[in-house]
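Dumped input_16.cif below, it's mmCIF, C-alpha atoms:
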```cif
data_model
loop_
_atom_site.label_atom_id
_atom_site.label_comp_id
_atom_site.auth_asym_id
_atom_site.auth_seq_id
_atom_site.Cartn_x
_atom_site.Cartn_y
_atom_site.Cartn_z
CA MET B 1 7.72 46.95 50.83
CA MET B 2 6.58 48.06 47.38
CA MET B 3 6.14 44.45 46.25
CA ARG B 4 3.80 43.75 49.15
CA PHE B 5 1.34 46.12 47.47
CA ILE B 6 2.13 45.29 43.83
CA ARG B 7 1.99 41.50 44.06
CA PRO B 8 -1.73 41.28 45.09
CA ILE B 9 -2.59 43.53 42.14
CA GLN B 10 -0.61 41.24 39.85
CA HIS B 11 -2.48 38.22 41.20
CA VAL B 12 -5.83 39.88 40.45
CA LEU B 13 -4.83 41.00 36.95
CA ALA B 14 -3.64 37.48 36.19
CA ILE B 15 -7.29 36.41 36.17
CA PHE B 16 -7.39 37.91 32.68
CA SER B 17 -4.27 36.14 31.45
CA LYS B 18 -3.32 32.59 30.51
CA GLN B 19 -2.01 31.90 34.01
CA LYS B 20 -3.48 28.60 35.20
CA SER B 21 -1.56 27.49 38.29
CA PHE B 22 -3.44 26.94 41.54
CA LEU B 23 -0.11 26.93 43.36
CA SER B 24 1.44 30.24 42.37
CA ASN B 25 -1.62 32.50 42.44
CA PRO B 26 -3.78 32.67 45.60
CA VAL B 27 -6.57 34.49 43.75
CA ILE B 28 -6.91 31.83 41.06
CA ALA B 29 -6.72 29.17 43.82
CA SER B 30 -9.15 30.92 46.19
CA PRO B 31 -11.72 28.38 47.50
CA LEU B 32 -14.26 31.16 48.11
CA LEU B 33 -13.89 32.77 44.68
CA ASN B 34 -14.01 29.43 42.91
CA ARG B 35 -17.06 28.40 44.88
CA LEU B 36 -18.61 31.62 43.59
CA GLY B 37 -17.62 30.60 40.06
CA LEU B 38 -14.33 32.36 39.28
CA HIS B 39 -12.75 29.40 37.50
CA VAL B 40 -15.89 28.63 35.50
CA PHE B 41 -16.14 32.30 34.55
CA ARG B 42 -12.58 32.19 33.16
CA VAL B 43 -13.37 28.99 31.22
CA VAL B 44 -16.57 30.39 29.68
CA ALA B 45 -15.18 33.87 28.93
CA ALA B 46 -12.03 32.50 27.28
CA ARG B 47 -14.07 30.12 25.09
CA GLY B 48 -16.46 32.92 24.11
CA ILE B 49 -13.65 35.25 23.02
CA TYR B 50 -12.01 32.41 21.11
CA LYS B 51 -15.23 31.73 19.20
CA LEU B 52 -15.57 35.42 18.30
CA ARG B 53 -12.09 35.36 16.76
CA LEU B 54 -12.99 32.18 14.87
CA LEU B 55 -16.03 33.90 13.37
CA VAL B 56 -13.83 36.64 11.90
CA LEU B 57 -11.39 34.08 10.46
CA ALA B 58 -14.08 31.73 9.11
CA PRO B 59 -13.27 32.48 5.42
CA LEU B 60 -9.84 30.85 5.86
CA VAL B 61 -11.24 27.28 5.83
CA ASP B 62 -14.22 25.54 4.29
CA VAL B 63 -17.45 25.06 6.17
CA GLU B 64 -17.00 21.27 6.56
CA ASP B 65 -13.69 21.75 8.39
CA ARG B 66 -15.17 24.48 10.59
CA ARG B 67 -18.10 22.30 11.61
CA PHE B 68 -15.98 19.21 12.20
CA PHE B 69 -13.47 21.10 14.33
CA ALA B 70 -16.24 22.75 16.38
CA ARG B 71 -17.90 19.38 16.97
CA GLN B 72 -14.90 17.08 17.47
CA GLY B 73 -12.02 19.35 18.53
CA TYR B 74 -9.49 18.16 15.96
CA LEU B 75 -8.73 18.04 12.22
CA VAL B 76 -6.69 15.58 10.15
CA LYS B 77 -5.10 16.42 6.79
CA ARG B 78 -3.38 13.55 5.00
CA ASP B 79 -0.84 13.99 2.18
CA PHE B 80 -0.14 17.49 3.43
CA LEU B 81 3.04 17.79 1.32
CA SER B 82 3.96 16.29 -2.01
CA GLN B 83 6.11 13.16 -1.77
CA ALA B 84 9.11 15.09 -3.06
CA GLU B 85 8.62 17.78 -0.42
CA LEU B 86 8.32 15.17 2.32
CA GLU B 87 11.58 13.49 1.32
CA SER B 88 13.29 16.88 1.13
CA LEU B 89 12.02 17.83 4.60
CA ARG B 90 13.23 14.52 6.04
CA SER B 91 16.69 15.12 4.59
CA GLU B 92 16.85 18.66 5.97
CA VAL B 93 15.79 17.54 9.44
CA ALA B 94 18.27 14.64 9.47
CA ALA B 95 21.17 16.92 8.48
CA LEU B 96 20.26 19.77 10.84
CA GLU B 97 22.69 20.62 13.62
CA ALA B 98 21.05 22.88 16.16
CA ARG B 99 20.49 23.58 19.83
CA ILE B 100 18.33 20.75 21.18
CA HIS B 101 16.16 20.89 24.28
CA GLU B 102 15.66 17.39 25.67
CA THR B 103 13.12 16.45 28.33
CA VAL B 104 12.87 13.06 30.00
CA GLU B 105 9.36 12.04 31.07
CA GLY B 106 9.22 8.52 32.43
CA ASP B 107 10.58 6.22 29.72
CA THR B 108 10.23 8.90 27.04
CA ARG B 109 12.89 11.23 25.70
CA ASN B 110 11.47 14.26 23.91
CA GLN B 111 13.92 16.35 21.89
CA ARG B 112 12.83 19.66 20.38
CA VAL B 113 14.50 22.28 18.22
CA PHE B 114 12.95 25.75 18.16
CA VAL B 115 12.72 26.98 14.57
CA ASP B 116 12.76 30.76 14.18
CA ALA B 117 13.19 32.91 11.06
CA THR B 118 16.96 32.28 11.08
CA GLY B 119 16.48 28.54 11.44
CA MET B 120 14.10 28.53 8.47
CA THR B 121 16.99 29.40 6.17
CA ARG B 122 18.43 25.94 6.88
CA LEU B 123 15.06 24.28 6.32
CA PRO B 124 13.87 25.68 2.99
CA THR B 125 11.14 23.06 2.51
CA LEU B 126 9.64 23.90 5.90
CA ARG B 127 10.00 27.62 5.20
CA ASP B 128 8.17 27.32 1.89
CA MET B 129 5.40 25.28 3.53
CA LEU B 130 4.85 27.81 6.29
CA VAL B 131 4.89 30.80 3.94
CA ALA B 132 2.22 29.31 1.66
CA GLY B 133 -1.06 30.79 2.90
CA SER B 134 -3.24 27.94 1.63
CA ARG B 135 -1.12 25.38 3.48
CA THR B 136 -1.24 27.14 6.81
CA ALA B 137 -4.84 28.38 6.71
CA VAL B 138 -6.14 25.56 8.91
CA ILE B 139 -3.53 26.33 11.58
CA ARG B 140 -4.07 30.08 11.44
CA TYR B 141 -7.81 29.52 11.74
CA THR B 142 -7.78 27.06 14.65
CA ASN B 143 -5.18 29.23 16.38
CA SER B 144 -7.72 32.07 15.95
CA LYS B 145 -4.97 34.69 15.63
CA ASN B 146 -4.33 34.60 11.87
CA ARG B 147 -0.69 33.82 12.42
CA LEU B 148 1.42 30.73 12.77
CA PRO B 149 2.14 29.72 16.35
CA LEU B 150 5.58 28.65 17.52
CA VAL B 151 7.27 25.99 15.39
CA PHE B 152 9.57 23.22 16.62
CA ILE B 153 11.07 20.03 15.27
CA GLU B 154 10.11 17.22 17.63
CA ASN B 155 11.95 13.93 17.99
CA LEU B 156 10.03 11.58 20.30
CA LEU B 157 11.82 8.49 21.57
CA ARG B 158 9.46 6.06 23.31
CA GLY B 159 10.80 3.26 25.52
CA ALA B 160 14.17 4.98 25.45
CA LEU B 161 14.66 4.58 29.20
CA PRO B 162 13.13 1.23 30.22
CA GLY B 163 12.50 0.82 33.91
CA ASN B 164 11.69 4.47 34.46
CA ALA B 165 8.40 5.66 35.89
CA GLN B 166 5.34 6.08 33.68
CA ASP B 167 5.40 8.95 31.20
CA PRO B 168 3.08 11.59 32.77
CA GLN B 169 1.87 12.60 29.30
CA SER B 170 0.30 9.15 28.98
CA THR B 171 -2.27 10.07 31.65
CA PRO B 172 -5.51 11.54 30.20
CA HIS B 173 -5.64 15.29 30.80
CA ARG B 174 -6.51 18.67 29.40
CA ASP B 175 -3.70 21.21 29.07
CA THR B 176 -5.34 24.31 30.46
CA PHE B 177 -8.64 26.10 31.02
CA HIS B 178 -8.83 27.81 27.61
CA PRO B 179 -8.62 26.70 23.96
CA THR B 180 -5.03 25.88 22.99
CA ILE B 181 -3.84 24.54 19.67
CA LYS B 182 -1.18 21.94 19.04
CA ALA B 183 -0.40 20.54 15.62
CA TRP B 184 1.89 17.80 14.35
CA LEU B 185 3.03 17.30 10.78
CA PHE B 186 4.39 13.78 11.12
CA ILE B 187 7.41 13.07 8.95
CA ASP B 188 7.58 9.45 10.15
CA ASP B 189 4.78 6.89 10.23
CA VAL B 190 2.96 6.73 13.57
CA THR B 191 2.10 3.14 14.45
CA SER B 192 -0.11 1.72 17.19
CA GLU B 193 3.05 0.38 18.85
CA SER B 194 4.66 3.83 19.06
CA GLY B 195 2.03 5.29 21.38
CA PRO B 196 0.05 7.63 19.11
CA PHE B 197 -1.54 10.87 20.23
CA THR B 198 -5.01 10.03 21.54
CA TYR B 199 -7.95 12.43 21.75
CA VAL B 200 -11.48 12.26 23.15
CA PRO B 201 -13.76 13.77 20.49
CA GLY B 202 -16.04 16.51 21.73
CA SER B 203 -14.34 16.77 25.13
CA HIS B 204 -13.33 20.38 24.38
CA ARG B 205 -16.97 21.53 24.23
CA LEU B 206 -18.42 23.44 27.18
CA THR B 207 -21.34 21.16 27.88
CA ALA B 208 -23.12 21.25 31.23
CA ARG B 209 -21.15 18.15 32.25
CA ARG B 210 -17.84 19.75 31.31
CA LEU B 211 -18.64 22.91 33.27
CA ARG B 212 -19.66 20.88 36.33
CA TRP B 213 -16.38 18.96 36.02
CA GLU B 214 -14.35 22.18 35.78
CA TYR B 215 -16.20 23.63 38.76
CA ALA B 216 -15.66 20.55 40.94
CA ARG B 217 -11.96 20.36 40.05
CA SER B 218 -11.42 24.05 40.77
CA LEU B 219 -12.59 23.55 44.37
CA VAL B 220 -9.95 20.92 45.12
CA ALA B 221 -7.16 21.63 42.62
CA ARG B 222 -4.78 23.33 45.00
CA ASN B 223 -4.93 20.31 47.32
CA LEU B 224 -4.16 17.74 44.62
CA SER B 225 -0.68 16.26 44.38
CA ASP B 226 -0.38 14.47 41.04
CA GLY B 227 2.17 17.04 39.91
CA HIS B 228 -0.03 18.55 37.22
CA SER B 229 -3.64 19.17 38.30
CA GLU B 230 -2.56 21.60 40.99
CA ASP B 231 -0.66 23.49 38.29
CA GLY B 232 -3.85 23.85 36.25
CA SER B 233 -3.47 20.85 33.90
CA PHE B 234 -6.34 18.74 35.23
CA ARG B 235 -5.98 14.95 34.97
CA ALA B 236 -9.01 12.92 33.90
CA THR B 237 -10.30 9.53 35.01
CA GLU B 238 -11.77 6.75 32.86
CA GLU B 239 -15.20 7.89 34.00
CA ASP B 240 -14.40 11.46 32.90
CA ILE B 241 -13.45 10.21 29.43
CA VAL B 242 -16.84 8.53 29.03
CA THR B 243 -18.74 11.45 30.53
CA LEU B 244 -17.03 14.36 28.74
CA GLY B 245 -16.56 12.89 25.28
CA SER B 246 -19.07 12.48 22.47
CA SER B 247 -17.56 9.18 21.26
CA ASP B 248 -14.71 6.75 21.89
CA PRO B 249 -11.14 8.13 21.99
CA VAL B 250 -9.40 8.43 18.62
CA ARG B 251 -5.82 7.13 18.32
CA PHE B 252 -3.90 8.94 15.60
CA ALA B 253 -1.89 6.06 14.18
CA VAL B 254 -1.37 7.83 10.87
CA PRO B 255 1.07 7.61 7.96
CA ALA B 256 3.87 10.09 7.50
CA ASN B 257 2.86 13.35 5.81
CA THR B 258 -0.28 13.69 7.93
CA LEU B 259 -1.13 16.94 9.73
CA VAL B 260 -3.07 16.58 12.98
CA VAL B 261 -4.45 19.74 14.64
CA ALA B 262 -6.13 19.53 18.06
CA ASP B 263 -7.62 21.82 20.68
CA THR B 264 -5.81 20.48 23.72
CA SER B 265 -8.28 21.96 26.16
CA GLY B 266 -10.01 18.70 25.27
CA ILE B 267 -9.02 15.44 26.98
CA HIS B 268 -6.01 13.82 25.35
CA TRP B 269 -2.88 11.82 26.12
CA ARG B 270 0.20 10.18 24.66
CA GLY B 271 -0.70 6.56 23.97
CA GLY B 272 1.27 3.77 25.59
CA ALA B 273 4.16 2.38 23.52
CA SER B 274 4.81 -1.35 23.35
CA ALA B 275 8.29 -1.09 21.89
CA ARG B 276 11.33 1.16 21.59
CA THR B 277 10.23 3.53 18.82
CA ARG B 278 11.02 6.89 17.31
CA ARG B 279 8.90 9.42 15.47
CA ARG B 280 9.67 12.87 14.17
CA ALA B 281 7.27 15.71 13.51
CA ILE B 282 7.03 19.41 12.91
CA TRP B 283 5.39 20.43 16.17
CA ILE B 284 3.39 23.65 16.35
CA GLN B 285 1.99 25.11 19.57
CA SER B 286 -0.20 28.10 20.39
CA ARG B 287 -0.96 29.39 23.86
CA ASP B 288 -1.72 33.10 23.64
CA ASN B 289 -3.59 35.26 26.14
CA PRO B 290 -7.11 33.82 25.85
CA PHE B 291 -8.78 37.06 26.88
CA SER B 292 -7.35 39.17 24.06
CA PRO B 293 -10.02 39.76 21.39
CA THR B 294 -7.55 41.10 18.83
CA LEU B 295 -6.35 39.31 15.72
CA THR B 296 -2.95 39.70 14.08
CA PRO B 297 -3.05 42.04 11.06
CA PHE B 298 0.66 41.53 10.26
CA PRO B 299 1.27 37.81 11.02
CA GLN B 300 4.88 37.58 9.81
CA LYS B 301 6.11 40.65 11.70
CA THR B 302 4.34 39.82 14.95
CA ARG B 303 5.60 36.26 14.75
CA ARG B 304 9.17 37.51 14.62
CA VAL B 305 8.56 39.62 17.73
CA THR B 306 7.16 36.56 19.50
CA GLU B 307 10.15 34.49 18.40
CA TYR B 308 12.53 37.08 19.84
CA PHE B 309 10.98 36.84 23.30
CA VAL B 310 10.75 33.03 23.14
CA LYS B 311 14.46 32.83 22.29
CA ARG B 312 15.26 35.08 25.26
CA HIS B 313 13.16 32.87 27.53
CA LEU B 314 14.84 29.72 26.23
CA THR B 315 18.28 31.25 26.75
CA ARG B 316 17.47 32.04 30.39
CA PHE B 317 15.94 28.59 30.84
CA ASP B 318 19.02 26.91 29.36
CA ALA B 319 21.28 28.80 31.75
CA SER B 320 19.21 27.68 34.74
CA LEU B 321 19.16 23.96 33.96
CA GLY B 322 22.48 22.82 35.30
CA GLY B 323 21.88 19.34 33.93
CA GLY B 324 19.17 18.41 36.43
CA ASP B 325 15.48 17.60 36.65
CA GLY B 326 15.52 15.30 33.62
CA GLU B 327 16.20 18.14 31.23
CA ARG B 328 19.29 19.09 29.28
CA VAL B 329 20.39 21.25 26.37
CA PHE B 330 23.02 20.36 23.82
CA THR B 331 24.04 21.21 20.27
CA GLY B 332 24.00 18.46 17.69
CA ARG B 333 21.64 16.36 15.60
CA LEU B 334 18.41 14.75 16.69
CA SER B 335 19.10 11.32 18.14
CA GLY B 336 18.04 8.10 16.48
CA GLY B 337 17.70 6.25 19.76
#
```

Whole structure given in structure tokens:
Amino acid sequence: MMMRFIRPIQHVLAIFSKQKSFLSNPVIASPLLNRLGLHVFRVVAARGIYKLRLLVLAPLVDVEDRRFFARQGYLVKRDFLSQAELESLRSEVAALEARIHETVEGDTRNQRVFVDATGMTRLPTLRDMLVAGSRTAVIRYTNSKNRLPLVFIENLLRGALPGNAQDPQSTPHRDTFHPTIKAWLFIDDVTSESGPFTYVPGSHRLTARRLRWEYARSLVARNLSDGHSEDGSFRATEEDIVTLGSSDPVRFAVPANTLVVADTSGIHWRGGASARTRRRAIWIQSRDNPFSPTLTPFPQKTRRVTEYFVKRHLTRFDASLGGGDGERVFTGRLSGG
């Protein structure tokens, strides 16, 4: 009985959270409220608060990077580590035995290892890189929280399961309604054949066309059935790519030791792979509450608190898997194929 009264309040309060699903929240999915502009209000408010945080953190990066990121939605930093550091990091990743979360999406196997403070002790090169303020400034700035987001080791195996359905990440989409940051420090070369990350420059910007697109999608999202749009991760058409971007899509076929940072509220996708390939990266993701205006005065301490709750979530998630739904958890080393 109590929940009958509490749940509607929770649904309303979720408007000011990162919740994006049009399936699980009837307020966010409300045709009337979205026709009145609820979804567009969330998009605009979240972007405005994000930009305010960026203003405070502007001294972290140079003006050229700030302008390029604001205009294009991504940054690229080549030769991020010294060659000796890169070789050391490769060796540490290859020798690491850890708990691996594997997801199968179409013909793609994606293996990830969550790296917390304890895990850093077994990856000293990565630890030293993340502790160095000058190295991480671009991530702390684009994240807009002055702290490092969650860190994983990613092992992406393309064409690993031939004959399976298409990888859903290869469909153009935007992750959610608010700015979100993903970064990859590639420790293997990314070739055109391995299906590089692809991004539509400028598609993150809230132009009139983008707002009209968000508004139109919000009116029909709960009735869509592509498996993602109804959950708030809107898929984009070829026409959308032309309309929402400022130039042609960029394919990040980059050499090892390149850092790519992107605001994945812009249109992006995992490029198609023409062969059985493998690439490894340090994968960094941020998806905080977009409506919080606060920064992080003690980035290391707050990161450890975040890691604690993420580990608890992963533990519960692991226990619920049961080996189904194309996901599994095991302890070992990252697979080579």

Interatomic distance (Å, one decimal) between atom CA of Trp269 of chain B and atom CA of Pro172 of chain B:
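If I compute the distance from atom CA of Trp269 of chain B to atom CA of Pro172 of chain B, I get 4.9 Å.
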
B:Ala160, B:Arg251, B:Thr277, B:Leu36 ranked by distance to Val76 of chain B, top pick (using only C-alpha atoms)
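Of all the options, B:Arg251 lies closest to Val76 of chain B.
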
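Minimum atom-to-atom distance to Arg147 of chain B, evaluated using only C-alpha atoms, belongs to B:Gly133 out of B:Gly159, B:Gly195, B:Pro124, B:Gly133.
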
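For the pair atom CA of Ser247 of chain B and atom CA of Asn143 of chain B, the interatomic distance is 24.1 Å.
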
For Asp65 of chain B, which of B:Leu314, B:Val138, B:Leu219, B:Leu224 is the closest residue, counting only C-alpha atoms?
B:Val138

Using all atoms listed in the file, which residues sit within 10 Å of His204 of chain B once same-chain residues fewer than 2 positions away are excluded, as a list in words?
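Neighbouring residues, sequence-local ones excluded: Arg47, Ala70, Arg71, Gln72, Gly73, Tyr74, Arg174, Phe177, His178, Pro179, Tyr199, Val200, Pro201, Gly202, Leu206, Thr207, Arg210, Leu244, Gly245, Ser246, Ala262, Asp263, Thr264, Ser265, Gly266, Ile267 and His268 of chain B.
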
As an exercise, work out the distance from atom CA of Thr315 of chain B to atom CA of His173 of chain B in Å and give it to one decimal place.
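Between these atoms lies a distance of 29.0 Å.
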
Residues in the PyMOL selection byres ((chain B and resi 53) around 8), expressed as an mmCIF file with C-alpha atoms, in the coordinates of the input:
```cif
data_model
loop_
_atom_site.group_PDB
_atom_site.id
_atom_site.type_symbol
_atom_site.label_atom_id
_atom_site.label_comp_id
_atom_site.auth_asym_id
_atom_site.auth_seq_id
_atom_site.Cartn_x
_atom_site.Cartn_y
_atom_site.Cartn_z
ATOM 1 C CA ILE B 49 -13.650 35.250 23.020
ATOM 2 C CA TYR B 50 -12.010 32.410 21.110
ATOM 3 C CA LYS B 51 -15.230 31.730 19.200
ATOM 4 C CA LEU B 52 -15.570 35.420 18.300
ATOM 5 C CA LEU B 54 -12.990 32.180 14.870
ATOM 6 C CA LEU B 55 -16.030 33.900 13.370
ATOM 7 C CA VAL B 56 -13.830 36.640 11.900
ATOM 8 C CA LEU B 57 -11.390 34.080 10.460
ATOM 9 C CA SER B 144 -7.720 32.070 15.950
ATOM 10 C CA LYS B 145 -4.970 34.690 15.630
ATOM 11 C CA PRO B 293 -10.020 39.760 21.390
ATOM 12 C CA THR B 294 -7.550 41.100 18.830
ATOM 13 C CA LEU B 295 -6.350 39.310 15.720
#
```
